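Notes follow once the structure below has been shown.
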Amino acid sequence: MAFFFDGHNDSLTREDHARFVTGREGGHLDLPRMAAADMRGGIFAVFIRNPETADYQPAKSNRPGGAGPAPELDHGYAAAASTVAAGRLAAIEAAGQMRIGRTIADIDAAAEGGPPVAVLHLEGAEAIDAELEALDFWYAAGLRSLGPVWSRPNAFGHGVRFRYPSTPDIGPGLTDPGKQLARRCAELGIVFDLAHMNEAGFWDTAELGVAPLVVSHAGAHAICPNSRCITDAQIDAVGETGGLVGIVYAPAFLRPDGRNKPEGTPLDLIVRHARHIAERIGVENVALGSDFDGTEVPDALGDVTGVPKLLEEFAKHGFSEAEIEAIAWGNWRRTLARCWNEA
């Protein structure tokens, strides 16, 4: 079965991140398990959690995103914490155990058997100032993917709150700095990821027309009416730009009943979301976007070593070998090349 590229994980900011290289108990992703699964690349997120406060206590909630809505995150706090987390990836690269994906040649080298490739991603752009003075520095440090918002507001826009049942039409769209951020990311060659963007911000981005629309980890709202899933109109817009939707593995964003229930969530439900999107905009616009280490995943999958079994499920449901290879690797490769101004 095909080796694969995964569109989103939060492994860099888990509490046990220090054991990512050697292997660890629990979680979904580390280097030994990547090797066992033949995961040769992925987008590695720097995600900064909100500090616990009397009013915001996500640890007491078992649903994705915790007890929301999350408050705004202080820029100085986020900038410092993000630098530390990104430094972890730089150290892994310096040790020769992974390569930070800066160019499409780095992606291709991993496909050809080189060290696995990690695309550095900011999940929520709070580490970037509203004047964008820090953005070029982050680009020089290897940043090649950025989600302007997580599911909270910031200087750039409004992340969609976690609600079921709900559409993603919650709150206002991009701010003026958010629009400038989208334009500058397109100029530099940084993916502008809309996974946590509300619907107004999504359409604001689409109207800018600066790059393919990319949603790295989401489900189809027609199947699971959660606010974090994208509507058919949004899916169609992604297809019109030759963009990409990465299918998330979170049960709460897969199951029609919206329950965050790993047990009893079948693998073919992930395939069903992929099929829905593929039938609307083509297989070439569908990929994998697990959210490993950032959410629960179906017990039938377990962790990254279950992805080969998931790819077999695609084959059982009528996807051809060429289509599976595209979903597993080629579609992300093509989309990164376009977003990085290398296509």
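Every chain in the structure tokens takes a letter, A first, then B, and so on in the order presented; its residues are numbered from 1, and the ligands are numbered from 1 following the presented order.
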Contact residues around Met98 (chain A) with only C-alpha atoms at 6 Å, ignoring same-chain residues under 5 positions, as number ranges by chain: A: 93, 115-117
From a DSSP calculation on the backbone, collect every residue of region 2-73 of chain A in helix (DSSP H, G or I) and output the set as a list in words.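 Going through region 2-73 of chain A, the helix (DSSP H, G or I) residues come out as Ser11, Leu12, Thr13, His17, Ala18, Arg19, Leu31, Pro32, Arg33, Met34, Ala35, Ala36, Ala37, Pro58, Ala59 and Lys60 of chain A.
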File dump, residues just selected, all heavy atoms, as a compact mmCIF listing (two decimals), in the first residue's frame:
```
# COMPACT_ATOMS: atom_id res chain seq x y z
N SER A 11 1.86 16.83 17.40
CA SER A 11 2.82 16.07 18.20
C SER A 11 3.90 16.95 18.84
O SER A 11 4.46 16.59 19.89
CB SER A 11 3.46 14.98 17.35
OG SER A 11 2.48 14.10 16.85
N LEU A 12 4.24 18.07 18.20
CA LEU A 12 5.31 18.93 18.74
C LEU A 12 4.94 19.56 20.07
O LEU A 12 5.83 19.95 20.83
CB LEU A 12 5.64 20.04 17.75
CG LEU A 12 6.37 19.67 16.46
CD1 LEU A 12 6.50 20.91 15.59
CD2 LEU A 12 7.74 19.08 16.77
N THR A 13 3.66 19.67 20.36
CA THR A 13 3.25 20.38 21.57
C THR A 13 2.54 19.48 22.58
O THR A 13 1.93 19.97 23.53
CB THR A 13 2.36 21.58 21.21
OG1 THR A 13 1.29 21.17 20.34
CG2 THR A 13 3.17 22.65 20.50
N HIS A 17 6.49 15.48 24.32
CA HIS A 17 7.17 15.73 23.04
C HIS A 17 8.63 15.31 23.06
O HIS A 17 9.20 14.99 22.03
CB HIS A 17 7.07 17.21 22.68
CG HIS A 17 7.68 18.12 23.70
ND1 HIS A 17 9.03 18.35 23.80
CD2 HIS A 17 7.10 18.85 24.69
CE1 HIS A 17 9.26 19.18 24.78
NE2 HIS A 17 8.12 19.50 25.35
N ALA A 18 9.25 15.29 24.23
CA ALA A 18 10.68 14.96 24.32
C ALA A 18 10.94 13.52 23.90
O ALA A 18 12.09 13.17 23.56
CB ALA A 18 11.19 15.19 25.74
N ARG A 19 9.91 12.68 23.90
CA ARG A 19 10.09 11.27 23.51
C ARG A 19 9.60 11.01 22.09
O ARG A 19 9.44 9.84 21.70
CB ARG A 19 9.37 10.36 24.51
CG ARG A 19 9.97 10.41 25.91
CD ARG A 19 9.48 9.27 26.79
NE ARG A 19 8.06 9.37 27.07
CZ ARG A 19 7.52 10.12 28.04
NH1 ARG A 19 8.30 10.86 28.80
NH2 ARG A 19 6.22 10.14 28.24
N LEU A 31 8.45 9.08 15.77
CA LEU A 31 9.26 8.63 14.64
C LEU A 31 9.24 7.12 14.44
O LEU A 31 9.13 6.66 13.29
CB LEU A 31 10.70 9.13 14.81
CG LEU A 31 11.00 10.52 14.24
CD1 LEU A 31 12.46 10.88 14.48
CD2 LEU A 31 10.68 10.60 12.75
N PRO A 32 9.37 6.30 15.49
CA PRO A 32 9.31 4.85 15.24
C PRO A 32 7.99 4.41 14.62
O PRO A 32 7.97 3.56 13.72
CB PRO A 32 9.51 4.26 16.64
CG PRO A 32 10.31 5.28 17.38
CD PRO A 32 9.77 6.59 16.89
N ARG A 33 6.89 4.97 15.09
CA ARG A 33 5.60 4.57 14.52
C ARG A 33 5.40 5.14 13.11
O ARG A 33 4.76 4.50 12.27
CB ARG A 33 4.46 5.01 15.45
CG ARG A 33 4.31 4.08 16.66
CD ARG A 33 3.15 4.46 17.53
NE ARG A 33 3.45 5.62 18.36
CZ ARG A 33 2.60 6.14 19.27
NH1 ARG A 33 1.39 5.60 19.43
NH2 ARG A 33 2.96 7.18 20.00
N MET A 34 5.96 6.31 12.83
CA MET A 34 5.93 6.82 11.46
C MET A 34 6.64 5.85 10.52
O MET A 34 6.14 5.54 9.43
CB MET A 34 6.60 8.19 11.39
CG MET A 34 5.77 9.34 11.91
SD MET A 34 6.67 10.92 11.88
CE MET A 34 6.96 11.13 10.12
N ALA A 35 7.79 5.36 10.95
CA ALA A 35 8.54 4.42 10.11
C ALA A 35 7.76 3.13 9.89
O ALA A 35 7.72 2.59 8.78
CB ALA A 35 9.90 4.13 10.74
N ALA A 36 7.12 2.65 10.96
CA ALA A 36 6.36 1.41 10.86
C ALA A 36 5.18 1.55 9.90
O ALA A 36 4.81 0.61 9.20
CB ALA A 36 5.87 0.98 12.24
N ALA A 37 4.57 2.76 9.87
CA ALA A 37 3.40 2.99 9.03
C ALA A 37 3.75 3.44 7.62
O ALA A 37 2.88 3.51 6.76
CB ALA A 37 2.51 4.04 9.68
N PRO A 58 -10.41 24.00 29.80
CA PRO A 58 -10.60 22.96 28.78
C PRO A 58 -10.33 21.56 29.29
O PRO A 58 -10.88 20.59 28.76
CB PRO A 58 -9.61 23.37 27.69
CG PRO A 58 -8.62 24.24 28.37
CD PRO A 58 -9.37 24.96 29.44
N ALA A 59 -9.48 21.41 30.31
CA ALA A 59 -9.17 20.07 30.81
C ALA A 59 -10.39 19.39 31.40
O ALA A 59 -10.43 18.17 31.54
CB ALA A 59 -8.05 20.14 31.85
N LYS A 60 -11.41 20.16 31.76
CA LYS A 60 -12.61 19.59 32.36
C LYS A 60 -13.64 19.16 31.31
O LYS A 60 -14.70 18.65 31.66
CB LYS A 60 -13.24 20.59 33.32
CG LYS A 60 -12.38 20.86 34.55
CD LYS A 60 -13.10 21.72 35.56
CE LYS A 60 -12.26 21.91 36.82
NZ LYS A 60 -12.96 22.75 37.83
```
Would you kindly return, as a PyMOL selection string, each protein, DNA or RNA residue with an atom no farther than 9 Å from any atom of region 120-132 of chain A, considering only C-alpha atoms and excluding same-chain residues fewer than 5 positions away? chain A and resi 8+42-48+72-83+86+89+100-102+138+142-152+154-156+159+177-178+180-181+184+191+193+196
Neighbour list for Ile324 (chain A) as a PyMOL selection string, cut-off 8 Å, only C-alpha atoms, skip fewer than 3 positions in-chain: chain A and resi 2+311+314-315+319-321+327-328
Using only C-alpha atoms, I'd like a table of the residues in region 129-215 of chain A that come within 10 Å of region 251-257 of chain A; for each, show the closest atom pair and its distance in Å rounded to one decimal, ordered by chain and ascending number, as a Markdown table.
```
| residue | atom | partner | partner_atom | distance |
| --- | --- | --- | --- | --- |
| A:Phe162 | CA | A:Ala252 | CA | 9.8 |
| A:Tyr164 | CA | A:Asp257 | CA | 8.8 |
| A:Pro165 | CA | A:Asp257 | CA | 8.8 |
```
For the residues selected in the previous step, produce a file with N, CA and C atoms as a CSV table (one decimal), in the first residue's frame.
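Dumped to part_23.csv:
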```
chain,number,residue,atom,x,y,z
A,162,PHE,N,-16.7,25.5,18.5
A,162,PHE,CA,-17.1,24.1,18.3
A,162,PHE,C,-18.6,24.0,18.7
A,164,TYR,N,-22.4,21.7,17.9
A,164,TYR,CA,-23.1,20.7,17.2
A,164,TYR,C,-24.6,20.7,17.7
A,165,PRO,N,-25.5,20.7,16.8
A,165,PRO,CA,-25.4,20.9,15.4
A,165,PRO,C,-25.3,22.4,15.1
```
Between A:Ala233, A:Ile281, A:Ala274, A:Val297, which one has atoms that come closest to Pro262 (chain A), using only C-alpha atoms?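 Nearest candidate to Pro262 (chain A) out of A:Ala233, A:Ile281, A:Ala274, A:Val297: A:Val297.
CA of Arg24 (chain A) is positioned 17.6 Å from CA of Leu301 (chain A).
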Tell me which of A:Gly41, A:Glu240, A:Thr167, A:Lys179 sits closest to Gly114 (chain A), counting only C-alpha atoms.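 Among A:Gly41, A:Glu240, A:Thr167, A:Lys179, it is A:Gly41 that comes nearest to Gly114 (chain A).
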Between A:Cys339, A:Ala250, A:Ala322, A:Ala70, single out the one closest to Pro212 (chain A), counting only C-alpha atoms.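 Of A:Cys339, A:Ala250, A:Ala322, A:Ala70, the one nearest Pro212 (chain A) is A:Cys339, counting only C-alpha atoms.
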Give me the residues within 12 Å of Gly258 (chain A) as a list in words, counting only C-alpha atoms and dropping any in the same chain fewer than 6 places off.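 Once the nearby chain positions are removed, what remains is Arg63, Pro64, Phe162, Arg163, Tyr164, Pro165, Ser166, Gly219, His221, Ile223, Cys224, Pro225, Asn226, Ser227, Arg228, Cys229, Ala250, Pro251, Ala252 and Thr265 of chain A.
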Please list as a list in words every residue within 12 Å of Ala278 (chain A), counting only C-alpha atoms and excluding residues in the same chain fewer than 2 positions away.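 Contacts, with the query itself left out: Ala220, Asp232, Ile235, Asp236, Val238, Gly239, Leu244, Val245, Gly246, Ile247, Val271, Arg272, His273, Ala274, Arg275, His276, Arg280, Ile281, Gly282, Val283, Glu284, Asn285, Val286, Ala287, Phe319, Glu323, Ile324, Ala326 and Ile327 of chain A.
Relative to CA of Ser216 (chain A), CA of His28 (chain A) is found at 17.7 Å.
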Which parts of region 93-298 of chain A does DSSP call strand (DSSP E or B) when run on the backbone here, written out as a ChimeraX atom specification? /A:99-100,117-123,143-147,153,158-159,191-193,197,214-218,220,230,244-247,286-288,292
I need the chosen residues saved as a short mmCIF file (atom, residue, chain, number, x, y, z; two decimals), in the first residue's frame, with N, CA and C atoms.
```cif
data_model
loop_
_atom_site.label_atom_id
_atom_site.label_comp_id
_atom_site.auth_asym_id
_atom_site.auth_seq_id
_atom_site.Cartn_x
_atom_site.Cartn_y
_atom_site.Cartn_z
N ARG A 99 13.64 16.14 8.18
CA ARG A 99 13.99 17.32 7.40
C ARG A 99 12.81 18.28 7.42
N ILE A 100 13.06 19.55 7.68
CA ILE A 100 12.00 20.55 7.60
C ILE A 100 11.73 20.83 6.13
N VAL A 117 9.85 14.11 6.11
CA VAL A 117 9.79 15.56 5.99
C VAL A 117 8.68 16.10 6.88
N ALA A 118 8.98 17.22 7.54
CA ALA A 118 8.01 17.88 8.41
C ALA A 118 7.83 19.31 7.94
N VAL A 119 6.62 19.67 7.57
CA VAL A 119 6.30 21.04 7.19
C VAL A 119 5.89 21.79 8.45
N LEU A 120 6.60 22.86 8.77
CA LEU A 120 6.34 23.64 9.98
C LEU A 120 5.10 24.50 9.78
N HIS A 121 4.19 24.42 10.74
CA HIS A 121 2.88 25.08 10.64
C HIS A 121 2.56 25.80 11.94
N LEU A 122 2.03 27.00 11.86
CA LEU A 122 1.46 27.70 13.01
C LEU A 122 -0.04 27.52 12.99
N GLU A 123 -0.58 26.89 14.02
CA GLU A 123 -2.03 26.69 14.11
C GLU A 123 -2.61 27.80 14.98
N LEU A 143 8.98 28.26 8.25
CA LEU A 143 7.52 28.22 8.23
C LEU A 143 7.00 28.15 6.80
N ARG A 144 6.18 27.14 6.50
CA ARG A 144 5.61 27.00 5.17
C ARG A 144 4.11 26.75 5.19
N SER A 145 3.51 26.80 6.36
CA SER A 145 2.06 26.63 6.47
C SER A 145 1.59 27.39 7.70
N LEU A 146 0.44 28.03 7.56
CA LEU A 146 -0.07 28.86 8.64
C LEU A 146 -1.58 28.83 8.65
N GLY A 147 -2.16 28.55 9.81
CA GLY A 147 -3.59 28.71 10.00
C GLY A 147 -3.81 30.03 10.70
N PRO A 153 -10.81 33.94 18.62
CA PRO A 153 -10.51 35.16 17.86
C PRO A 153 -9.07 35.60 18.06
N HIS A 158 -11.61 35.30 13.11
CA HIS A 158 -12.41 34.65 14.14
C HIS A 158 -12.48 33.15 13.84
N GLY A 159 -11.85 32.36 14.69
CA GLY A 159 -11.94 30.93 14.52
C GLY A 159 -13.34 30.44 14.84
N VAL A 191 1.34 28.19 2.90
CA VAL A 191 -0.04 27.71 2.87
C VAL A 191 -0.86 28.54 3.85
N PHE A 192 -2.01 29.02 3.41
CA PHE A 192 -2.96 29.76 4.26
C PHE A 192 -4.11 28.80 4.55
N ASP A 193 -4.05 28.14 5.70
CA ASP A 193 -4.91 27.01 6.01
C ASP A 193 -6.19 27.48 6.69
N MET A 197 -11.18 28.24 10.35
CA MET A 197 -11.79 29.51 9.99
C MET A 197 -13.31 29.39 9.96
N VAL A 214 -7.12 25.92 0.92
CA VAL A 214 -6.68 24.70 1.58
C VAL A 214 -7.35 24.59 2.95
N VAL A 215 -7.95 23.44 3.21
CA VAL A 215 -8.54 23.13 4.51
C VAL A 215 -7.89 21.83 4.96
N SER A 216 -6.94 21.93 5.87
CA SER A 216 -6.04 20.80 6.12
C SER A 216 -6.67 19.65 6.88
N HIS A 217 -7.65 19.94 7.76
CA HIS A 217 -8.24 18.85 8.54
C HIS A 217 -9.68 19.22 8.91
N ALA A 218 -10.60 18.65 8.17
CA ALA A 218 -12.02 18.94 8.35
C ALA A 218 -12.84 17.78 7.80
N ALA A 220 -16.98 16.74 6.08
CA ALA A 220 -18.05 17.26 5.23
C ALA A 220 -19.28 17.53 6.08
N ILE A 230 -17.01 21.56 6.78
CA ILE A 230 -17.25 22.55 5.72
C ILE A 230 -18.44 22.16 4.86
N LEU A 244 -7.52 21.96 -1.74
CA LEU A 244 -7.42 20.65 -1.10
C LEU A 244 -8.20 20.64 0.21
N VAL A 245 -8.86 19.51 0.49
CA VAL A 245 -9.46 19.25 1.78
C VAL A 245 -8.82 17.99 2.35
N GLY A 246 -8.20 18.11 3.52
CA GLY A 246 -7.67 16.95 4.24
C GLY A 246 -8.74 16.43 5.18
N ILE A 247 -9.01 15.13 5.12
CA ILE A 247 -10.07 14.54 5.93
C ILE A 247 -9.56 14.31 7.35
N VAL A 286 -8.70 15.83 -2.64
CA VAL A 286 -8.93 15.17 -1.34
C VAL A 286 -7.62 14.57 -0.85
N ALA A 287 -7.38 14.66 0.46
CA ALA A 287 -6.16 14.11 1.03
C ALA A 287 -6.42 13.72 2.49
N LEU A 288 -5.35 13.36 3.18
CA LEU A 288 -5.43 12.96 4.59
C LEU A 288 -5.07 14.15 5.48
N PHE A 292 -3.77 14.00 14.31
CA PHE A 292 -3.14 13.15 15.33
C PHE A 292 -2.58 13.99 16.47
#
```
Would you list the contacts of Gly209 (chain A) as a list in words, taking every protein, DNA or RNA residue within 10 Å and counting only C-alpha atoms, but skipping same-chain residues closer than 2 positions in sequence?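 Those residues are Ala182, Arg183, Ala186, Asp204, Thr205, Ala206, Glu207, Ala211, Pro212, Leu213 and Thr241 of chain A.
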Would you put the residues from that selection into a file with N, CA and C atoms, as a CSV table (one decimal), in the first residue's frame?
```
chain,number,residue,atom,x,y,z
A,182,ALA,N,-3.1,37.0,4.5
A,182,ALA,CA,-3.3,36.1,3.4
A,182,ALA,C,-2.5,36.5,2.2
A,183,ARG,N,-2.5,37.8,1.9
A,183,ARG,CA,-1.8,38.2,0.7
A,183,ARG,C,-0.3,38.0,0.8
A,186,ALA,N,0.7,34.4,0.4
A,186,ALA,CA,0.7,34.0,-1.0
A,186,ALA,C,2.0,34.5,-1.6
A,204,ASP,N,-14.2,35.5,2.8
A,204,ASP,CA,-13.3,36.6,2.6
A,204,ASP,C,-12.0,36.2,2.0
A,205,THR,N,-11.5,35.0,2.4
A,205,THR,CA,-10.2,34.5,1.8
A,205,THR,C,-10.5,34.2,0.3
A,206,ALA,N,-11.6,33.5,0.0
A,206,ALA,CA,-11.9,33.2,-1.4
A,206,ALA,C,-11.9,34.4,-2.3
A,207,GLU,N,-12.5,35.5,-1.8
A,207,GLU,CA,-12.7,36.7,-2.6
A,207,GLU,C,-11.3,37.3,-2.9
A,211,ALA,N,-4.6,32.4,-3.7
A,211,ALA,CA,-3.9,31.1,-3.7
A,211,ALA,C,-5.0,30.0,-3.7
A,212,PRO,N,-4.6,28.7,-3.9
A,212,PRO,CA,-5.6,27.6,-3.8
A,212,PRO,C,-6.1,27.7,-2.3
A,213,LEU,N,-7.4,27.4,-2.2
A,213,LEU,CA,-8.0,27.3,-0.9
A,213,LEU,C,-7.7,25.9,-0.3
A,241,THR,N,-10.7,26.4,-7.1
A,241,THR,CA,-9.3,27.0,-7.0
A,241,THR,C,-8.3,25.9,-7.1
```
